[in-house]
Structures are given as structure tokens and as C-alpha cells.
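Q: Sharing target-v4.tsv below, TSV, C-alpha atoms:
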chain	number	residue	atom	x	y	z
A	1	MET	CA	121.73	112.95	90.21
A	2	SER	CA	122.56	109.45	91.36
A	3	TRP	CA	119.85	107.08	92.52
A	4	LEU	CA	121.81	106.94	95.77
A	5	ASP	CA	121.07	110.62	96.36
A	6	GLU	CA	117.35	109.88	96.37
A	7	VAL	CA	117.62	107.57	99.36
A	8	PRO	CA	116.51	109.40	102.52
A	9	TRP	CA	119.65	108.78	104.60
A	10	ASN	CA	118.98	109.47	108.26
A	11	GLU	CA	121.00	111.63	110.66
A	12	HIS	CA	123.56	108.82	110.95
A	13	ASP	CA	123.74	108.48	107.13
A	14	LEU	CA	121.96	105.13	107.32
A	15	VAL	CA	118.77	103.68	105.93
A	16	ALA	CA	116.71	100.83	107.38
A	17	VAL	CA	116.59	97.78	105.12
A	18	VAL	CA	114.02	95.00	105.16
A	19	ALA	CA	115.08	91.72	103.56
A	20	GLN	CA	112.25	89.51	102.34
A	21	GLU	CA	112.63	86.00	100.97
A	22	PHE	CA	111.62	86.00	97.34
A	23	SER	CA	110.10	82.53	97.24
A	24	SER	CA	108.07	82.54	100.46
A	25	GLY	CA	107.56	86.24	101.12
A	26	ARG	CA	108.78	85.79	104.66
A	27	VAL	CA	110.42	88.84	106.22
A	28	LEU	CA	113.88	87.65	107.23
A	29	THR	CA	115.76	90.57	108.72
A	30	VAL	CA	115.80	94.27	109.30
A	31	ALA	CA	119.27	95.77	109.13
A	32	TRP	CA	120.98	99.00	108.12
A	33	MET	CA	122.98	100.25	105.17
A	34	ASN	CA	125.09	103.28	104.53
A	35	ARG	CA	125.69	104.60	101.05
A	36	GLU	CA	128.65	102.34	100.41
A	37	ALA	CA	126.76	99.26	101.59
A	38	LEU	CA	123.83	99.94	99.28
A	39	GLU	CA	126.15	100.66	96.38
A	40	LYS	CA	128.01	97.38	96.95
A	41	THR	CA	124.74	95.49	97.37
A	42	VAL	CA	123.52	96.65	94.00
A	43	ALA	CA	126.88	96.15	92.30
A	44	THR	CA	127.41	92.61	93.61
A	45	ARG	CA	123.74	91.55	93.87
A	46	GLU	CA	124.49	90.25	97.36
A	47	ALA	CA	123.35	92.04	100.51
A	48	VAL	CA	126.01	94.13	102.25
A	49	TYR	CA	124.94	95.84	105.47
A	50	TRP	CA	126.44	98.33	107.90
A	51	SER	CA	127.03	96.86	111.32
A	52	ARG	CA	126.17	99.55	113.84
A	53	SER	CA	127.81	97.62	116.67
A	54	ARG	CA	131.04	96.85	114.82
A	55	LYS	CA	130.94	100.07	112.80
A	56	LYS	CA	131.95	98.43	109.58
A	57	LEU	CA	130.55	96.97	106.40
A	58	TRP	CA	129.32	93.44	106.76
A	59	ARG	CA	128.63	91.20	103.78
A	60	LYS	CA	125.73	89.06	104.92
A	61	GLY	CA	126.94	85.47	105.07
A	62	GLU	CA	130.63	86.33	105.02
A	63	GLU	CA	131.23	83.94	107.92
A	64	SER	CA	128.21	81.66	107.84
A	65	GLY	CA	127.99	81.32	104.08
A	66	HIS	CA	124.36	82.39	104.30
A	67	VAL	CA	124.55	85.12	101.71
A	68	GLN	CA	121.45	86.91	100.43
A	69	ARG	CA	121.22	87.04	96.65
A	70	VAL	CA	119.37	90.19	95.72
A	71	ARG	CA	116.67	89.99	93.08
A	72	GLU	CA	115.05	93.36	93.57
A	73	VAL	CA	115.63	96.62	95.43
A	74	ARG	CA	112.71	98.88	96.36
A	75	LEU	CA	112.47	102.29	97.98
A	76	ASP	CA	109.57	103.54	100.03
A	77	CYS	CA	107.71	106.82	99.83
A	78	ASP	CA	109.19	108.64	102.79
A	79	ALA	CA	109.85	106.45	105.77
A	80	ASP	CA	113.60	106.01	105.25
A	81	ALA	CA	113.47	102.40	104.19
A	82	VAL	CA	114.68	100.04	101.47
A	83	LEU	CA	113.15	96.65	100.72
A	84	LEU	CA	115.23	93.83	99.29
A	85	SER	CA	113.77	90.75	97.69
A	86	VAL	CA	116.39	88.09	98.26
A	87	GLU	CA	117.13	84.42	97.86
A	88	GLN	CA	118.48	83.37	101.23
A	89	GLU	CA	121.32	80.88	100.85
A	90	GLY	CA	120.86	77.94	103.22
A	91	GLY	CA	117.41	79.13	104.21
A	92	ILE	CA	118.87	80.67	107.35
A	93	ALA	CA	118.95	84.43	107.84
A	94	CYS	CA	119.31	84.69	111.60
A	95	HIS	CA	122.55	84.38	113.56
A	96	THR	CA	120.65	82.10	115.94
A	97	GLY	CA	120.40	79.52	113.14
A	98	ARG	CA	116.76	80.20	112.36
A	99	GLU	CA	115.12	80.99	109.02
A	100	SER	CA	114.05	84.49	110.07
A	101	CYS	CA	115.15	86.90	112.76
A	102	PHE	CA	111.46	87.36	113.60
A	103	PHE	CA	111.16	84.05	115.41
A	104	ARG	CA	109.22	85.35	118.41
A	105	ARG	CA	105.49	86.03	118.38
A	106	LEU	CA	103.50	87.91	120.99
A	107	ASP	CA	101.00	85.50	122.59
A	108	ASP	CA	98.93	86.62	125.57
A	109	GLY	CA	101.50	89.12	126.74
A	110	LYS	CA	104.56	86.95	126.21
A	111	TRP	CA	107.11	86.64	123.40
A	112	VAL	CA	106.94	83.00	122.36
A	113	THR	CA	109.61	81.40	120.16
A	114	THR	CA	107.83	79.82	117.23
A	115	ASP	CA	110.68	78.82	114.93
A	116	PRO	CA	113.13	75.95	115.26
A	117	VAL	CA	116.89	76.32	115.17
A	118	LEU	CA	117.86	74.80	111.82
A	119	LYS	CA	121.60	74.87	112.39
A	120	ASP	CA	123.70	75.21	115.52
A	121	PRO	CA	125.28	78.70	115.56
A	122	ALA	CA	128.51	77.11	116.76
A	123	ALA	CA	128.64	75.17	113.51
A	124	MET	CA	127.82	78.34	111.56
A	125	TYR	CA	130.46	80.54	113.16
A	126	GLY	CA	132.76	78.24	115.06
A	127	LYS	CA	135.22	77.42	112.32
A	128	LYS	CA	136.64	80.64	111.00
A	129	LYS	CA	139.13	80.47	108.20
B	1	MET	CA	108.81	92.00	133.47
B	2	SER	CA	106.44	93.28	130.81
B	3	TRP	CA	106.77	92.11	127.24
B	4	LEU	CA	107.20	95.79	126.41
B	5	ASP	CA	110.45	95.85	128.38
B	6	GLU	CA	111.89	93.22	126.07
B	7	VAL	CA	111.58	95.44	123.01
B	8	PRO	CA	114.96	97.00	122.17
B	9	TRP	CA	113.88	100.65	122.18
B	10	ASN	CA	116.47	102.80	120.47
B	11	GLU	CA	118.07	105.99	121.73
B	12	HIS	CA	114.89	107.88	120.81
B	13	ASP	CA	112.73	105.30	122.63
B	14	LEU	CA	111.42	104.05	119.29
B	15	VAL	CA	111.41	100.76	117.43
B	16	ALA	CA	111.20	100.24	113.66
B	17	VAL	CA	108.04	98.43	112.60
B	18	VAL	CA	107.47	96.54	109.36
B	19	ALA	CA	103.84	96.02	108.35
B	20	GLN	CA	103.22	93.09	106.04
B	21	GLU	CA	99.90	92.24	104.43
B	22	PHE	CA	98.69	88.93	105.78
B	23	SER	CA	97.00	87.68	102.63
B	24	SER	CA	99.62	88.55	100.01
B	25	GLY	CA	102.81	88.79	102.07
B	26	ARG	CA	103.54	92.18	100.53
B	27	VAL	CA	105.56	94.53	102.69
B	28	LEU	CA	103.39	97.64	103.00
B	29	THR	CA	105.15	100.14	105.22
B	30	VAL	CA	108.01	100.72	107.58
B	31	ALA	CA	107.14	103.09	110.41
B	32	TRP	CA	108.04	103.70	114.04
B	33	MET	CA	106.44	103.02	117.38
B	34	ASN	CA	107.14	104.18	120.89
B	35	ARG	CA	106.07	102.17	123.90
B	36	GLU	CA	102.61	103.71	124.04
B	37	ALA	CA	102.01	103.11	120.32
B	38	LEU	CA	102.93	99.42	120.60
B	39	GLU	CA	100.81	99.02	123.71
B	40	LYS	CA	97.80	100.60	121.97
B	41	THR	CA	98.40	98.54	118.85
B	42	VAL	CA	98.24	95.32	120.80
B	43	ALA	CA	95.31	96.46	122.93
B	44	THR	CA	93.18	97.61	119.98
B	45	ARG	CA	94.50	95.18	117.33
B	46	GLU	CA	94.88	98.14	114.99
B	47	ALA	CA	98.24	99.67	114.10
B	48	VAL	CA	99.14	102.84	115.98
B	49	TYR	CA	102.45	104.46	115.04
B	50	TRP	CA	104.57	107.33	116.29
B	51	SER	CA	104.86	110.13	113.79
B	52	ARG	CA	108.41	111.42	114.00
B	53	SER	CA	107.55	114.50	111.96
B	54	ARG	CA	104.42	115.43	113.91
B	55	LYS	CA	105.77	114.04	117.17
B	56	LYS	CA	102.54	112.39	118.16
B	57	LEU	CA	100.72	109.09	118.07
B	58	TRP	CA	99.07	108.33	114.78
B	59	ARG	CA	96.43	105.68	114.37
B	60	LYS	CA	97.02	104.35	110.87
B	61	GLY	CA	93.92	105.17	108.81
B	62	GLU	CA	92.55	107.76	111.22
B	63	GLU	CA	91.95	110.15	108.32
B	64	SER	CA	91.90	107.87	105.29
B	65	GLY	CA	89.98	105.03	106.88
B	66	HIS	CA	92.76	102.68	105.76
B	67	VAL	CA	93.33	101.08	109.13
B	68	GLN	CA	95.60	98.08	109.57
B	69	ARG	CA	94.01	95.22	111.50
B	70	VAL	CA	96.75	93.39	113.32
B	71	ARG	CA	96.76	89.60	113.24
B	72	GLU	CA	100.21	88.94	114.62
B	73	VAL	CA	103.08	90.81	116.27
B	74	ARG	CA	106.65	89.51	116.00
B	75	LEU	CA	109.94	90.64	117.48
B	76	ASP	CA	113.33	90.10	115.94
B	77	CYS	CA	116.50	88.78	117.49
B	78	ASP	CA	118.45	91.99	117.97
B	79	ALA	CA	117.98	94.52	115.23
B	80	ASP	CA	115.45	96.74	116.98
B	81	ALA	CA	112.48	95.77	114.87
B	82	VAL	CA	108.89	94.58	115.16
B	83	LEU	CA	106.96	92.83	112.38
B	84	LEU	CA	103.19	93.16	112.10
B	85	SER	CA	101.05	90.88	110.01
B	86	VAL	CA	98.05	93.03	109.08
B	87	GLU	CA	94.90	93.11	107.04
B	88	GLN	CA	95.07	96.42	105.22
B	89	GLU	CA	91.66	98.04	105.00
B	90	GLY	CA	90.98	99.30	101.47
B	91	GLY	CA	94.10	97.61	100.14
B	92	ILE	CA	95.92	100.92	100.35
B	93	ALA	CA	98.74	101.49	102.82
B	94	CYS	CA	100.54	104.42	101.23
B	95	HIS	CA	99.56	108.08	101.57
B	96	THR	CA	100.10	108.35	97.81
B	97	GLY	CA	97.09	106.08	97.30
B	98	ARG	CA	99.10	103.00	96.43
B	99	GLU	CA	98.94	99.51	97.91
B	100	SER	CA	102.46	99.64	99.35
B	101	CYS	CA	104.86	102.42	100.23
B	102	PHE	CA	107.53	100.45	98.36
B	103	PHE	CA	106.24	101.41	94.93
B	104	ARG	CA	109.61	102.23	93.39
B	105	ARG	CA	112.03	99.63	92.09
B	106	LEU	CA	115.65	100.15	91.15
B	107	ASP	CA	116.05	99.46	87.41
B	108	ASP	CA	119.34	100.19	85.69
B	109	GLY	CA	120.32	102.93	88.11
B	110	LYS	CA	116.91	104.59	88.30
B	111	TRP	CA	114.00	104.37	90.72
B	112	VAL	CA	111.05	103.37	88.59
B	113	THR	CA	107.47	103.59	89.86
B	114	THR	CA	105.90	100.19	89.38
B	115	ASP	CA	102.59	100.51	91.21
B	116	PRO	CA	99.45	102.34	90.17
B	117	VAL	CA	97.66	104.93	92.29
B	118	LEU	CA	94.49	103.16	93.39
B	119	LYS	CA	92.84	106.19	94.94
B	120	ASP	CA	93.45	109.91	94.58
B	121	PRO	CA	95.09	111.18	97.79
B	122	ALA	CA	92.86	114.25	97.59
B	123	ALA	CA	89.88	111.96	97.94
B	124	MET	CA	91.57	110.11	100.79
B	125	TYR	CA	92.50	113.19	102.81
B	126	GLY	CA	90.59	116.08	101.31
B	127	LYS	CA	87.37	115.81	103.22
B	128	LYS	CA	88.11	115.92	106.89
B	129	LYS	CA	85.28	115.57	109.30
Show me the file's structure as C-alpha cells.
A:
Amino acid sequence: MSWLDEVPWNEHDLVAVVAQEFSSGRVLTVAWMNREALEKTVATREAVYWSRSRKKLWRKGEESGHVQRVREVRLDCDADAVLLSVEQEGGIACHTGRESCFFRRLDDGKWVTTDPVLKDPAAMYGKKK
Amino acid sequence: MSWLDEVPWNEHDLVAVVAQEFSSGRVLTVAWMNREALEKTVATREAVYWSRSRKKLWRKGEESGHVQRVREVRLDCDADAVLLSVEQEGGIACHTGRESCFFRRLDDGKWVTTDPVLKDPAAMYGKKK
């Protein structure tokens, strides 16, 4: 049996994936993978996700250059999730140009943006090859 | 508009939740919350999840005593996820008696258990009041 068969794929054949920066421990993103995405991630050691909106594989950083180099892949006990320890190229995981997608914190009943934009998204995505 | 309305509830009215230990940065669990669970979590400062298998609210640690005290709640940009920074009572988040649910690592095409069992699950769950 393949290690891929042990992943608890959900009813859409996807698994939730948490990407955590290796050096700082910061949780960067939560995204989704299908079987092919996880297989490619492990084979290339760079994170490949499944875009649920675009319904296609998406190599993280393919446009922005902000790839995630994968150091470790972990599986949880039963909650349908994979954990990646990654080195985030450019220190920017979020499409908004921030380090982490979790840039809002709940403070007194409001979501407050706590993280600065490190790079203008227009500069990240504006110039496609 | 309530802060709860800004959470991107999925088609099952749930959101994926990552719990991360405040002191070590270790990712402990991925679970799910509905609106009521998130509201109770914030109100009580202890993690309350939605059990998809039992279809009911589940206060983390209600049987084992291993509650998660919530220090911070974060929301991501668009991927339907919440991040909790928690202090894990007992240092055990997993129902298998381990620190983290992510106790298996992919090594050469096999999931290898890397974490010890810190407490026998029978002792955690065996004696119900």
C-alpha cells in the first residue's frame, strides 16, 4: 500500500494542508491538496496545492516566485490534515504580500490587521511572463 | 456586522481551525468549528470544536482534562481557516496521548511515528465521571 493511500482524503478527494515556516514556526497558510498535488510536493520538495477556485494544480510561487521548499511532511491522527514544514522563499506566503495569510487578529470583537505588506501584490503578480 | 460574519464558513457552515501551542510553536491539531463553537471559544477562552463524526459541540479536554486555553485568534486571507494560539493543558493534544496529532512523518515513502505516547489513552478516557 502506498503512503498516499493512508491519507484520509475527504469527500472531494482533498486534504487540508497547513504550511509552517521552518525557521520561525509561524503558520503561513492553510490550503488543499489532492493526491497528485501531494505526490508532486513530495517528489519536487516544493509545495504544490489544489486550487479549489481554479480547479487545477497550483505550484506555490509559480507566479510570485515565492515557492515553499518542503523540509518535512507530517500526517495527523484522524482530522484529515497534512502539516508541511517549509522554507518560504522571499518570506512572503500570502497573496496580499504579507508573511503569513493569518494577518488578522481578533481584538475586542474586531479583526485587526497586525502584519505589514512587505511587497506590493501588483509587483508580485503584475508582470507575467 | 459581527466579526463572526466575516469568517468564510464553508458549505457545511464550518471553518478549519489550526491550534498551535503558544510556547513551542508546535502545530497540535486541525479541527473544525461552526459559528457557535467559535463564539463559545472566544467567550470562554477555551477551544470548543464541532465534532463532525458526533455532530455536536465538543469542548476540547472535556473528558481528558486537556483543555486548550486560547491566547489569540487569527483569521486568514481567504482559505477558510482560523488559527488559535493556545496553551495546551497537560502538554497533550492528541487522543492517542501524544503532544501533537501530527506524530507521523513521511520518511522514504513511509509514515513513521516520531512522537512518544505521553499518557495511556485508557487512563485519559477510561474513567468517566
Q: Tell me as number ranges by chain which residues belonging to chain A come within 7 Å of chain B, counting all atoms listed in the file.
A: A: 3, 25, 30-31, 73-77, 79, 81, 101-106, 109-111
Q: Any idea what the distance is between CA of Lys56 in chain A and CA of Asp5 in chain A?
A: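 Separating CA of Lys56 in chain A from CA of Asp5 in chain A is a distance of 21.0 Å.
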Q: Produce the least-squares-superposed copy of chain B, fitted on chain A over all in-order C-alpha pairs, as a compact mmCIF listing (two decimals) with C-alpha atoms, in the coordinates of the input.
A:
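What landed in selection-v7.txt:
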# COMPACT_ATOMS: atom_id res chain seq x y z
CA MET B 1 121.69 112.95 90.22
CA SER B 2 122.56 109.44 91.36
CA TRP B 3 119.86 107.08 92.51
CA LEU B 4 121.81 106.94 95.76
CA ASP B 5 121.08 110.62 96.36
CA GLU B 6 117.37 109.88 96.36
CA VAL B 7 117.62 107.57 99.35
CA PRO B 8 116.52 109.40 102.52
CA TRP B 9 119.65 108.80 104.60
CA ASN B 10 118.97 109.48 108.25
CA GLU B 11 120.97 111.63 110.64
CA HIS B 12 123.53 108.82 110.93
CA ASP B 13 123.74 108.50 107.13
CA LEU B 14 121.95 105.15 107.32
CA VAL B 15 118.76 103.69 105.92
CA ALA B 16 116.70 100.83 107.38
CA VAL B 17 116.59 97.79 105.11
CA VAL B 18 114.02 95.01 105.15
CA ALA B 19 115.09 91.72 103.56
CA GLN B 20 112.25 89.53 102.35
CA GLU B 21 112.64 86.02 100.98
CA PHE B 22 111.61 86.00 97.35
CA SER B 23 110.12 82.52 97.26
CA SER B 24 108.08 82.52 100.48
CA GLY B 25 107.55 86.23 101.13
CA ARG B 26 108.80 85.79 104.68
CA VAL B 27 110.42 88.83 106.22
CA LEU B 28 113.89 87.66 107.23
CA THR B 29 115.78 90.58 108.72
CA VAL B 30 115.81 94.28 109.30
CA ALA B 31 119.28 95.79 109.12
CA TRP B 32 120.98 99.03 108.13
CA MET B 33 122.95 100.26 105.17
CA ASN B 34 125.07 103.30 104.54
CA ARG B 35 125.67 104.62 101.05
CA GLU B 36 128.65 102.36 100.41
CA ALA B 37 126.76 99.26 101.60
CA LEU B 38 123.82 99.96 99.27
CA GLU B 39 126.15 100.67 96.38
CA LYS B 40 128.02 97.39 96.95
CA THR B 41 124.76 95.50 97.37
CA VAL B 42 123.52 96.65 94.00
CA ALA B 43 126.89 96.16 92.31
CA THR B 44 127.41 92.61 93.62
CA ARG B 45 123.74 91.55 93.88
CA GLU B 46 124.49 90.27 97.37
CA ALA B 47 123.36 92.05 100.53
CA VAL B 48 126.01 94.15 102.25
CA TYR B 49 124.94 95.86 105.48
CA TRP B 50 126.43 98.35 107.90
CA SER B 51 127.04 96.89 111.31
CA ARG B 52 126.17 99.57 113.83
CA SER B 53 127.80 97.64 116.66
CA ARG B 54 131.04 96.88 114.82
CA LYS B 55 130.92 100.09 112.81
CA LYS B 56 131.95 98.47 109.57
CA LEU B 57 130.55 97.00 106.39
CA TRP B 58 129.31 93.46 106.75
CA ARG B 59 128.66 91.22 103.80
CA LYS B 60 125.73 89.08 104.93
CA GLY B 61 126.96 85.48 105.08
CA GLU B 62 130.65 86.34 105.03
CA GLU B 63 131.25 83.95 107.93
CA SER B 64 128.23 81.66 107.83
CA GLY B 65 128.02 81.34 104.07
CA HIS B 66 124.37 82.39 104.31
CA VAL B 67 124.56 85.13 101.72
CA GLN B 68 121.47 86.91 100.44
CA ARG B 69 121.23 87.05 96.66
CA VAL B 70 119.37 90.20 95.74
CA ARG B 71 116.67 89.99 93.08
CA GLU B 72 115.05 93.37 93.56
CA VAL B 73 115.63 96.63 95.43
CA ARG B 74 112.71 98.88 96.35
CA LEU B 75 112.47 102.29 97.98
CA ASP B 76 109.56 103.54 100.01
CA CYS B 77 107.71 106.81 99.80
CA ASP B 78 109.15 108.65 102.78
CA ALA B 79 109.86 106.47 105.75
CA ASP B 80 113.59 106.03 105.23
CA ALA B 81 113.47 102.41 104.19
CA VAL B 82 114.67 100.06 101.47
CA LEU B 83 113.13 96.65 100.72
CA LEU B 84 115.22 93.83 99.29
CA SER B 85 113.76 90.75 97.71
CA VAL B 86 116.40 88.07 98.27
CA GLU B 87 117.14 84.41 97.86
CA GLN B 88 118.50 83.37 101.23
CA GLU B 89 121.33 80.89 100.86
CA GLY B 90 120.88 77.95 103.24
CA GLY B 91 117.41 79.12 104.22
CA ILE B 92 118.87 80.67 107.34
CA ALA B 93 118.96 84.43 107.84
CA CYS B 94 119.30 84.68 111.60
CA HIS B 95 122.55 84.38 113.56
CA THR B 96 120.65 82.09 115.94
CA GLY B 97 120.40 79.53 113.14
CA ARG B 98 116.77 80.19 112.36
CA GLU B 99 115.12 80.99 109.04
CA SER B 100 114.04 84.49 110.08
CA CYS B 101 115.14 86.91 112.76
CA PHE B 102 111.45 87.37 113.60
CA PHE B 103 111.16 84.06 115.42
CA ARG B 104 109.22 85.35 118.41
CA ARG B 105 105.49 86.01 118.38
CA LEU B 106 103.49 87.90 120.97
CA ASP B 107 101.00 85.49 122.59
CA ASP B 108 98.95 86.59 125.57
CA GLY B 109 101.51 89.12 126.75
CA LYS B 110 104.57 86.93 126.20
CA TRP B 111 107.11 86.61 123.41
CA VAL B 112 106.95 82.98 122.37
CA THR B 113 109.61 81.39 120.16
CA THR B 114 107.82 79.81 117.23
CA ASP B 115 110.67 78.81 114.93
CA PRO B 116 113.12 75.95 115.26
CA VAL B 117 116.89 76.31 115.16
CA LEU B 118 117.86 74.80 111.81
CA LYS B 119 121.59 74.87 112.39
CA ASP B 120 123.71 75.19 115.51
CA PRO B 121 125.27 78.68 115.56
CA ALA B 122 128.50 77.10 116.78
CA ALA B 123 128.64 75.17 113.54
CA MET B 124 127.82 78.31 111.57
CA TYR B 125 130.45 80.53 113.18
CA GLY B 126 132.77 78.24 115.09
CA LYS B 127 135.20 77.33 112.37
CA LYS B 128 136.64 80.47 110.93
CA LYS B 129 139.05 80.19 108.09
Q: Which residue gives the smallest distance to Tyr49 in chain B among B:Leu14, B:Glu87, B:Pro116, B:Ser23, with only C-alpha atoms counted?
A: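 Among the listed residues, the smallest separation from Tyr49 in chain B belongs to B:Leu14.
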Q: If I take CA of Leu118 in chain A and CA of Glu62 in chain A, how far is one from the other in Å, to one decimal?
A: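 Between these atoms lies a distance of 18.5 Å.
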Q: For a test of reading the model, state the distance in Å between CA of Val86 in chain A and CA of Tyr125 in chain A, rounded to one decimal.
A: 21.8 Å
Q: Within 7 Å of (93.9, 101.6, 104.2) in the file's own coordinates, which protein, DNA or RNA residues have an atom, counting all atoms listed in the file? List them as a ChimeraX atom specification.
A: /B:61,64-68,88-93
Q: With all atoms listed in the file as the atoms that count, which of B:Asp13, B:Glu63, B:Glu21, B:Glu39 lies nearest to Ala123 in chain B?
A: B:Glu63
